[in-house]
>>> print(open('data.pdb').read())   # PDB, C-alpha atoms and all ligand atoms
ATOM      1  CA  MET A 856      26.066   1.115  16.387
ATOM      2  CA  THR A 857      25.198   2.997  19.589
ATOM      3  CA  LYS A 858      22.332   1.597  21.649
ATOM      4  CA  THR A 859      19.536   4.031  22.505
ATOM      5  CA  LYS A 860      16.678   3.486  24.944
ATOM      6  CA  PHE A 861      13.332   2.417  23.486
ATOM      7  CA  SER A 862      10.993   5.398  23.318
ATOM      8  CA  LEU A 863       7.307   5.027  22.524
ATOM      9  CA  LYS A 864       7.148   8.741  21.717
ATOM     10  CA  LYS A 865       9.878   8.369  19.071
ATOM     11  CA  ARG A 866       8.127   5.323  17.585
ATOM     12  CA  LEU A 867       4.906   7.322  17.304
ATOM     13  CA  HIS A 868       6.829  10.165  15.640
ATOM     14  CA  SER A 869       8.128   7.683  13.056
ATOM     15  CA  PHE A 870       4.508   6.934  12.152
ATOM     16  CA  ARG A 871       3.854  10.667  11.790
ATOM     17  CA  TYR A 872       6.805  11.035   9.413
ATOM     18  CA  ALA A 873       5.620   8.036   7.380
ATOM     19  CA  PHE A 874       2.095   9.504   7.097
ATOM     20  CA  ASN A 875       3.704  12.783   6.027
ATOM     21  CA  GLY A 876       5.393  10.813   3.207
ATOM     22  CA  LEU A 877       1.968   9.512   2.139
ATOM     23  CA  ARG A 878       0.590  13.064   2.225
ATOM     24  CA  ILE A 879       3.475  14.297   0.028
ATOM     25  CA  ILE A 880       3.039  11.585  -2.591
ATOM     26  CA  TRP A 881      -0.753  12.054  -2.629
ATOM     27  CA  ARG A 882      -0.349  15.808  -3.195
ATOM     28  CA  GLU A 883       2.514  15.746  -5.681
ATOM     29  CA  GLU A 884       2.490  12.501  -7.683
ATOM     30  CA  HIS A 885      -0.197  12.017 -10.336
ATOM     31  CA  ASN A 886       1.066   8.469 -10.988
ATOM     32  CA  PHE A 887       0.271   7.560  -7.384
ATOM     33  CA  LYS A 888      -3.337   8.705  -7.872
ATOM     34  CA  VAL A 889      -3.583   6.599 -11.039
ATOM     35  CA  HIS A 890      -2.311   3.575  -9.093
ATOM     36  CA  LEU A 891      -4.773   4.261  -6.267
ATOM     37  CA  LEU A 892      -7.611   4.422  -8.797
ATOM     38  CA  ALA A 893      -6.431   1.081 -10.235
ATOM     39  CA  MET A 894      -6.434  -0.273  -6.661
ATOM     40  CA  VAL A 895     -10.054   0.843  -6.083
ATOM     41  CA  LEU A 896     -11.198  -0.648  -9.423
ATOM     42  CA  THR A 897      -9.351  -3.916  -8.728
ATOM     43  CA  THR A 898     -10.908  -4.138  -5.255
ATOM     44  CA  ALA A 899     -14.377  -3.531  -6.722
ATOM     45  CA  LEU A 900     -13.812  -6.225  -9.375
ATOM     46  CA  SER A 901     -12.506  -8.633  -6.700
ATOM     47  CA  LEU A 902     -15.652  -8.113  -4.619
ATOM     48  CA  LEU A 903     -17.879  -8.472  -7.683
ATOM     49  CA  LEU A 904     -16.238 -11.714  -8.784
ATOM     50  CA  GLN A 905     -16.026 -13.028  -5.203
ATOM     51  CA  ILE A 906     -12.385 -14.097  -5.391
ATOM     52  CA  ASN A 907     -11.155 -16.520  -2.728
ATOM     53  CA  ALA A 908      -8.807 -15.833   0.211
ATOM     54  CA  TYR A 909      -5.632 -16.870  -1.684
ATOM     55  CA  GLU A 910      -6.627 -14.692  -4.639
ATOM     56  CA  TRP A 911      -7.186 -11.763  -2.257
ATOM     57  CA  LEU A 912      -3.674 -12.358  -0.868
ATOM     58  CA  ALA A 913      -2.189 -12.205  -4.383
ATOM     59  CA  VAL A 914      -4.215  -9.091  -5.290
ATOM     60  CA  ILE A 915      -3.291  -7.249  -2.052
ATOM     61  CA  LEU A 916       0.413  -8.142  -2.415
ATOM     62  CA  ALA A 917       0.407  -7.033  -6.066
ATOM     63  CA  ILE A 918      -1.251  -3.702  -5.197
ATOM     64  CA  GLY A 919       1.152  -3.115  -2.279
ATOM     65  CA  PHE A 920       4.108  -3.965  -4.522
ATOM     66  CA  VAL A 921       3.103  -1.283  -7.060
ATOM     67  CA  LEU A 922       2.377   1.410  -4.438
ATOM     68  CA  VAL A 923       5.657   0.750  -2.586
ATOM     69  CA  GLY A 924       7.511   0.841  -5.944
ATOM     70  CA  GLU A 925       5.940   4.208  -6.736
ATOM     71  CA  LEU A 926       6.889   5.590  -3.305
ATOM     72  CA  LEU A 927      10.517   4.429  -3.591
ATOM     73  CA  ASN A 928      10.728   5.806  -7.147
ATOM     74  CA  THR A 929       9.493   9.197  -5.946
ATOM     75  CA  ALA A 930      11.938   9.179  -3.028
ATOM     76  CA  MET A 931      14.767   8.354  -5.458
ATOM     77  CA  GLU A 932      13.698  11.141  -7.864
ATOM     78  CA  ASN A 933      13.590  13.661  -5.013
ATOM     79  CA  LEU A 934      17.012  12.591  -3.776
ATOM     80  CA  ALA A 935      18.444  12.784  -7.323
ATOM     81  CA  ASP A 936      17.025  16.303  -7.807
ATOM     82  CA  PHE A 937      18.464  17.358  -4.444
ATOM     83  CA  VAL A 938      21.925  15.954  -5.212
ATOM     84  CA  CYS A 939      22.107  17.416  -8.731
ATOM     85  CA  ALA A 940      19.844  20.133 -10.120
ATOM     86  CA  GLU A 941      21.557  20.047 -13.549
ATOM     87  CA  THR A 942      21.046  17.567 -16.358
ATOM     88  CA  ASP A 943      23.505  14.739 -15.835
ATOM     89  CA  PRO A 944      23.706  11.307 -17.504
ATOM     90  CA  ARG A 945      24.350   9.688 -14.089
ATOM     91  CA  ILE A 946      21.109  11.169 -12.720
ATOM     92  CA  LYS A 947      19.344   9.940 -15.850
ATOM     93  CA  ARG A 948      20.601   6.394 -15.165
ATOM     94  CA  ILE A 949      19.406   6.536 -11.551
ATOM     95  CA  LYS A 950      15.968   7.910 -12.465
ATOM     96  CA  ASP A 951      15.530   5.464 -15.351
ATOM     97  CA  LEU A 952      16.455   2.518 -13.104
ATOM     98  CA  ALA A 953      13.939   3.660 -10.478
ATOM     99  CA  ALA A 954      11.288   4.099 -13.185
ATOM    100  CA  ALA A 955      12.078   0.570 -14.446
ATOM    101  CA  ALA A 956      11.322  -0.755 -10.946
ATOM    102  CA  VAL A 957       7.823   0.788 -11.104
ATOM    103  CA  LEU A 958       7.310  -0.585 -14.613
ATOM    104  CA  LEU A 959       8.285  -4.108 -13.525
ATOM    105  CA  SER A 960       6.054  -3.968 -10.437
ATOM    106  CA  SER A 961       3.132  -2.792 -12.610
ATOM    107  CA  ILE A 962       3.705  -5.571 -15.180
ATOM    108  CA  THR A 963       3.843  -8.113 -12.331
ATOM    109  CA  ALA A 964       0.547  -6.781 -10.951
ATOM    110  CA  LEU A 965      -1.022  -6.929 -14.419
ATOM    111  CA  ILE A 966       0.019 -10.577 -14.818
ATOM    112  CA  VAL A 967      -1.375 -11.434 -11.353
ATOM    113  CA  GLY A 968      -4.615  -9.635 -12.279
ATOM    114  CA  ALA A 969      -4.836 -11.429 -15.630
ATOM    115  CA  ILE A 970      -4.304 -14.873 -14.037
ATOM    116  CA  ILE A 971      -7.037 -14.232 -11.454
ATOM    117  CA  PHE A 972      -9.611 -12.212 -13.387
ATOM    118  CA  VAL A 973      -9.473 -13.333 -17.039
ATOM    119  CA  PRO A 974     -10.816 -16.900 -16.441
ATOM    120  CA  LYS A 975     -13.524 -15.579 -14.087
ATOM    121  CA  LEU A 976     -14.597 -12.843 -16.515
ATOM    122  CA  TYR A 977     -14.577 -15.376 -19.371
ATOM    123  CA  THR A 978     -16.866 -17.722 -17.404
ATOM    124  CA  LEU A 979     -19.108 -14.816 -16.424
ATOM    125  CA  PHE A 980     -19.452 -13.587 -20.005
ATOM    126  CA  LEU A 981     -20.115 -17.161 -21.208
ATOM    127  CA  ARG A 982     -22.849 -17.517 -18.580
ATOM    128  CA  ILE A 983     -24.586 -14.319 -19.655
ATOM    129  CA  ASP A 984     -24.093 -15.348 -23.295
ATOM    130  CA  LEU A 985     -21.882 -12.460 -24.327
ATOM    131  CA  LEU A 986     -19.197 -14.612 -25.989
TER
HETATM  132  N1  LIG B   1      18.765  15.805 -13.917
HETATM  133  C1  LIG B   1      18.560  14.979 -14.952
HETATM  134  N2  LIG B   1      19.574  14.625 -15.759
HETATM  135  C2  LIG B   1      19.383  13.790 -16.805
HETATM  136  N3  LIG B   1      18.210  13.231 -17.132
HETATM  137  C3  LIG B   1      17.157  13.516 -16.368
HETATM  138  C4  LIG B   1      17.256  14.411 -15.235
HETATM  139  N4  LIG B   1      16.044  14.516 -14.670
HETATM  140  C5  LIG B   1      15.235  13.718 -15.387
HETATM  141  N5  LIG B   1      15.882  13.113 -16.398
HETATM  142  C6  LIG B   1      15.319  12.169 -17.397
HETATM  143  O1  LIG B   1      13.992  12.506 -17.644
HETATM  144  C7  LIG B   1      13.127  11.426 -17.241
HETATM  145  C8  LIG B   1      11.894  12.000 -16.604
HETATM  146  O2  LIG B   1      12.271  12.683 -15.423
HETATM  147  P1  LIG B   1      11.245  13.171 -14.343
HETATM  148  O3  LIG B   1      12.007  13.611 -13.144
HETATM  149  O4  LIG B   1      10.309  14.142 -14.976
HETATM  150  O5  LIG B   1      10.549  11.795 -14.040
HETATM  151  P2  LIG B   1       9.085  11.322 -14.428
HETATM  152  O6  LIG B   1       9.119   9.845 -14.275
HETATM  153  O7  LIG B   1       8.622  11.865 -15.746
HETATM  154  O8  LIG B   1       8.345  12.045 -13.271
HETATM  155  P3  LIG B   1       7.034  11.593 -12.528
HETATM  156  O9  LIG B   1       7.327  10.241 -11.921
HETATM  157  O10 LIG B   1       6.888  12.685 -11.532
HETATM  158  O11 LIG B   1       5.955  11.572 -13.597
HETATM  159  C9  LIG B   1      13.964  10.564 -16.278
HETATM  160  O12 LIG B   1      13.546   9.230 -16.244
HETATM  161  C10 LIG B   1      15.328  10.728 -16.897
HETATM  162  O13 LIG B   1      15.459   9.861 -18.001
END
>>> encode(input="data.pdb", output="structure tokens")
Amino acid sequence: MTKTKFSLKKRLHSFRYAFNGLRIIWREEHNFKVHLLAMVLTTALSLLLQINAYEWLAVILAIGFVLVGELLNTAMENLADFVCAETDPRIKRIKDLAAAAVLLSSITALIVGAIIFVPKLYTLFLRIDLL
């Protein structure tokens, strides 16, 4: 690997490219918007139920995990479409594997959410005599 001099300008450009990636996924991926909505609702519920610092850590990591999964899946789909515009079973495998990654990250986030929120919601509903 060739060594290049550190350049603050280049580092700042990297940020610009990364924000461009966020702009692309926001504009083009409906799934990303659904996940962002889930993130807003989860944050609102977390504030409402006053979860503790460790629970916040778990919630933030779970949300980040899903959003990063969605971004990598989209990058993979774009790359697959660029490499092969035709229908091909190998592209199907790649896209299905990437989609499985998003599914697993979402299931993980759901389990984290259930562990944190279900007991608190149960207690809350008991207190206001709904159960
Ligand atoms: N070029 C291809 N060759 C074979 N199968 C494909 C190809 N493109 C897509 N598929 C199959 O169709 C499925 C859906 O593909 P698509 O690119 O529409 O992904 P998607 O997950 O529905 O998109 P999005 O994430 O944008 O909602 C893939 O998971 C794959 O099984």
>>> residues_near_ligand(input="data.pdb", ligand="ligand LIG 1 (chain B)", cutoff="8 Å", atoms="only C-alpha atoms and all ligand atoms", output="PyMOL selection string")
chain A and resi 883-886+928-929+932+935-936+939-952+954
>>> resolve_selection(input="data.pdb", expression="the PyMOL selection byres (((chain A and resi 888-890) around 12) and not hetatm)", output="number ranges by chain")
A: 877-887, 891-897, 917-926, 957-958, 960-961, 964-965
>>> residues_around(input="data.pdb", residues="Ile970 (chain A)", least_positions_apart="6", cutoff="12 Å", atoms="all atoms listed in the file", output="MDAnalysis selection string")
chainID A and resid 906 910 913:914 963:964 976:977
>>> axis_aligned_box(input="data.pdb", around="region 959-966 of chain A", padding_each_side="6 Å", output="JSON")
{"center_x": 3.6, "center_y": -6.7, "center_z": -12.8, "size_x": 21.3, "size_y": 19.8, "size_z": 16.7}
>>> closest_residue(input="data.pdb", among="A:Trp911, A:Ala873, A:Ile983, A:Leu916", to="Ala899 (chain A)", atoms="only C-alpha atoms")
A:Trp911
>>> closest_residue(input="data.pdb", among="A:Leu981, A:Ala953, A:Ala930, A:Ile962", to="Gly876 (chain A)", atoms="only C-alpha atoms")
A:Ala930
>>> closest_residue(input="data.pdb", among="A:Phe937, A:Tyr909, A:Phe980, A:Tyr872", to="Val967 (chain A)", atoms="all atoms listed in the file")
A:Tyr909
>>> atom_distance(input="data.pdb", atom1="CA of Ala955 (chain A)", atom2="CA of Thr898 (chain A)")
25.2 Å
>>> build_atoms(input="data.pdb", residues="region 859-881 of chain A", atoms="N, CA and C atoms", output="PDB file, keeping the file's coordinate frame")
ATOM      1  N   THR A 859      20.332   2.981  21.867  1.00  0.00           N
ATOM      2  CA  THR A 859      19.536   4.031  22.505  1.00  0.00           C
ATOM      3  C   THR A 859      18.336   3.368  23.178  1.00  0.00           C
ATOM      4  N   LYS A 860      17.821   4.052  24.214  1.00  0.00           N
ATOM      5  CA  LYS A 860      16.678   3.486  24.944  1.00  0.00           C
ATOM      6  C   LYS A 860      15.424   3.508  24.083  1.00  0.00           C
ATOM      7  N   PHE A 861      14.601   2.453  24.232  1.00  0.00           N
ATOM      8  CA  PHE A 861      13.332   2.417  23.486  1.00  0.00           C
ATOM      9  C   PHE A 861      12.437   3.565  23.938  1.00  0.00           C
ATOM     10  N   SER A 862      11.887   4.293  22.974  1.00  0.00           N
ATOM     11  CA  SER A 862      10.993   5.398  23.318  1.00  0.00           C
ATOM     12  C   SER A 862       9.717   5.297  22.496  1.00  0.00           C
ATOM     13  N   LEU A 863       8.601   5.142  23.208  1.00  0.00           N
ATOM     14  CA  LEU A 863       7.307   5.027  22.524  1.00  0.00           C
ATOM     15  C   LEU A 863       7.002   6.311  21.747  1.00  0.00           C
ATOM     16  N   LYS A 864       7.405   7.444  22.355  1.00  0.00           N
ATOM     17  CA  LYS A 864       7.148   8.741  21.717  1.00  0.00           C
ATOM     18  C   LYS A 864       7.854   8.816  20.352  1.00  0.00           C
ATOM     19  N   LYS A 865       9.119   8.340  20.332  1.00  0.00           N
ATOM     20  CA  LYS A 865       9.878   8.369  19.071  1.00  0.00           C
ATOM     21  C   LYS A 865       9.260   7.439  18.033  1.00  0.00           C
ATOM     22  N   ARG A 866       8.771   6.265  18.512  1.00  0.00           N
ATOM     23  CA  ARG A 866       8.127   5.323  17.585  1.00  0.00           C
ATOM     24  C   ARG A 866       6.892   5.969  16.968  1.00  0.00           C
ATOM     25  N   LEU A 867       6.126   6.674  17.808  1.00  0.00           N
ATOM     26  CA  LEU A 867       4.906   7.322  17.304  1.00  0.00           C
ATOM     27  C   LEU A 867       5.262   8.427  16.311  1.00  0.00           C
ATOM     28  N   HIS A 868       6.390   9.131  16.581  1.00  0.00           N
ATOM     29  CA  HIS A 868       6.829  10.165  15.640  1.00  0.00           C
ATOM     30  C   HIS A 868       7.180   9.557  14.293  1.00  0.00           C
ATOM     31  N   SER A 869       7.777   8.351  14.313  1.00  0.00           N
ATOM     32  CA  SER A 869       8.128   7.683  13.056  1.00  0.00           C
ATOM     33  C   SER A 869       6.874   7.479  12.210  1.00  0.00           C
ATOM     34  N   PHE A 870       5.773   7.104  12.874  1.00  0.00           N
ATOM     35  CA  PHE A 870       4.508   6.934  12.152  1.00  0.00           C
ATOM     36  C   PHE A 870       4.088   8.255  11.522  1.00  0.00           C
ATOM     37  N   ARG A 871       4.258   9.353  12.289  1.00  0.00           N
ATOM     38  CA  ARG A 871       3.854  10.667  11.790  1.00  0.00           C
ATOM     39  C   ARG A 871       4.663  11.025  10.543  1.00  0.00           C
ATOM     40  N   TYR A 872       5.960  10.731  10.571  1.00  0.00           N
ATOM     41  CA  TYR A 872       6.805  11.035   9.413  1.00  0.00           C
ATOM     42  C   TYR A 872       6.360  10.192   8.212  1.00  0.00           C
ATOM     43  N   ALA A 873       6.040   8.922   8.476  1.00  0.00           N
ATOM     44  CA  ALA A 873       5.620   8.036   7.380  1.00  0.00           C
ATOM     45  C   ALA A 873       4.303   8.536   6.768  1.00  0.00           C
ATOM     46  N   PHE A 874       3.366   8.977   7.625  1.00  0.00           N
ATOM     47  CA  PHE A 874       2.095   9.504   7.097  1.00  0.00           C
ATOM     48  C   PHE A 874       2.334  10.808   6.330  1.00  0.00           C
ATOM     49  N   ASN A 875       3.347  11.567   6.771  1.00  0.00           N
ATOM     50  CA  ASN A 875       3.704  12.783   6.027  1.00  0.00           C
ATOM     51  C   ASN A 875       4.182  12.407   4.622  1.00  0.00           C
ATOM     52  N   GLY A 876       4.944  11.305   4.521  1.00  0.00           N
ATOM     53  CA  GLY A 876       5.393  10.813   3.207  1.00  0.00           C
ATOM     54  C   GLY A 876       4.197  10.486   2.329  1.00  0.00           C
ATOM     55  N   LEU A 877       3.179   9.845   2.917  1.00  0.00           N
ATOM     56  CA  LEU A 877       1.968   9.512   2.139  1.00  0.00           C
ATOM     57  C   LEU A 877       1.261  10.786   1.676  1.00  0.00           C
ATOM     58  N   ARG A 878       1.242  11.798   2.581  1.00  0.00           N
ATOM     59  CA  ARG A 878       0.590  13.064   2.225  1.00  0.00           C
ATOM     60  C   ARG A 878       1.333  13.725   1.055  1.00  0.00           C
ATOM     61  N   ILE A 879       2.674  13.688   1.098  1.00  0.00           N
ATOM     62  CA  ILE A 879       3.475  14.297   0.028  1.00  0.00           C
ATOM     63  C   ILE A 879       3.191  13.608  -1.305  1.00  0.00           C
ATOM     64  N   ILE A 880       3.221  12.287  -1.305  1.00  0.00           N
ATOM     65  CA  ILE A 880       3.039  11.585  -2.591  1.00  0.00           C
ATOM     66  C   ILE A 880       1.611  11.764  -3.120  1.00  0.00           C
ATOM     67  N   TRP A 881       0.641  11.826  -2.226  1.00  0.00           N
ATOM     68  CA  TRP A 881      -0.753  12.054  -2.629  1.00  0.00           C
ATOM     69  C   TRP A 881      -0.898  13.424  -3.278  1.00  0.00           C
TER      70      TRP A 881
END
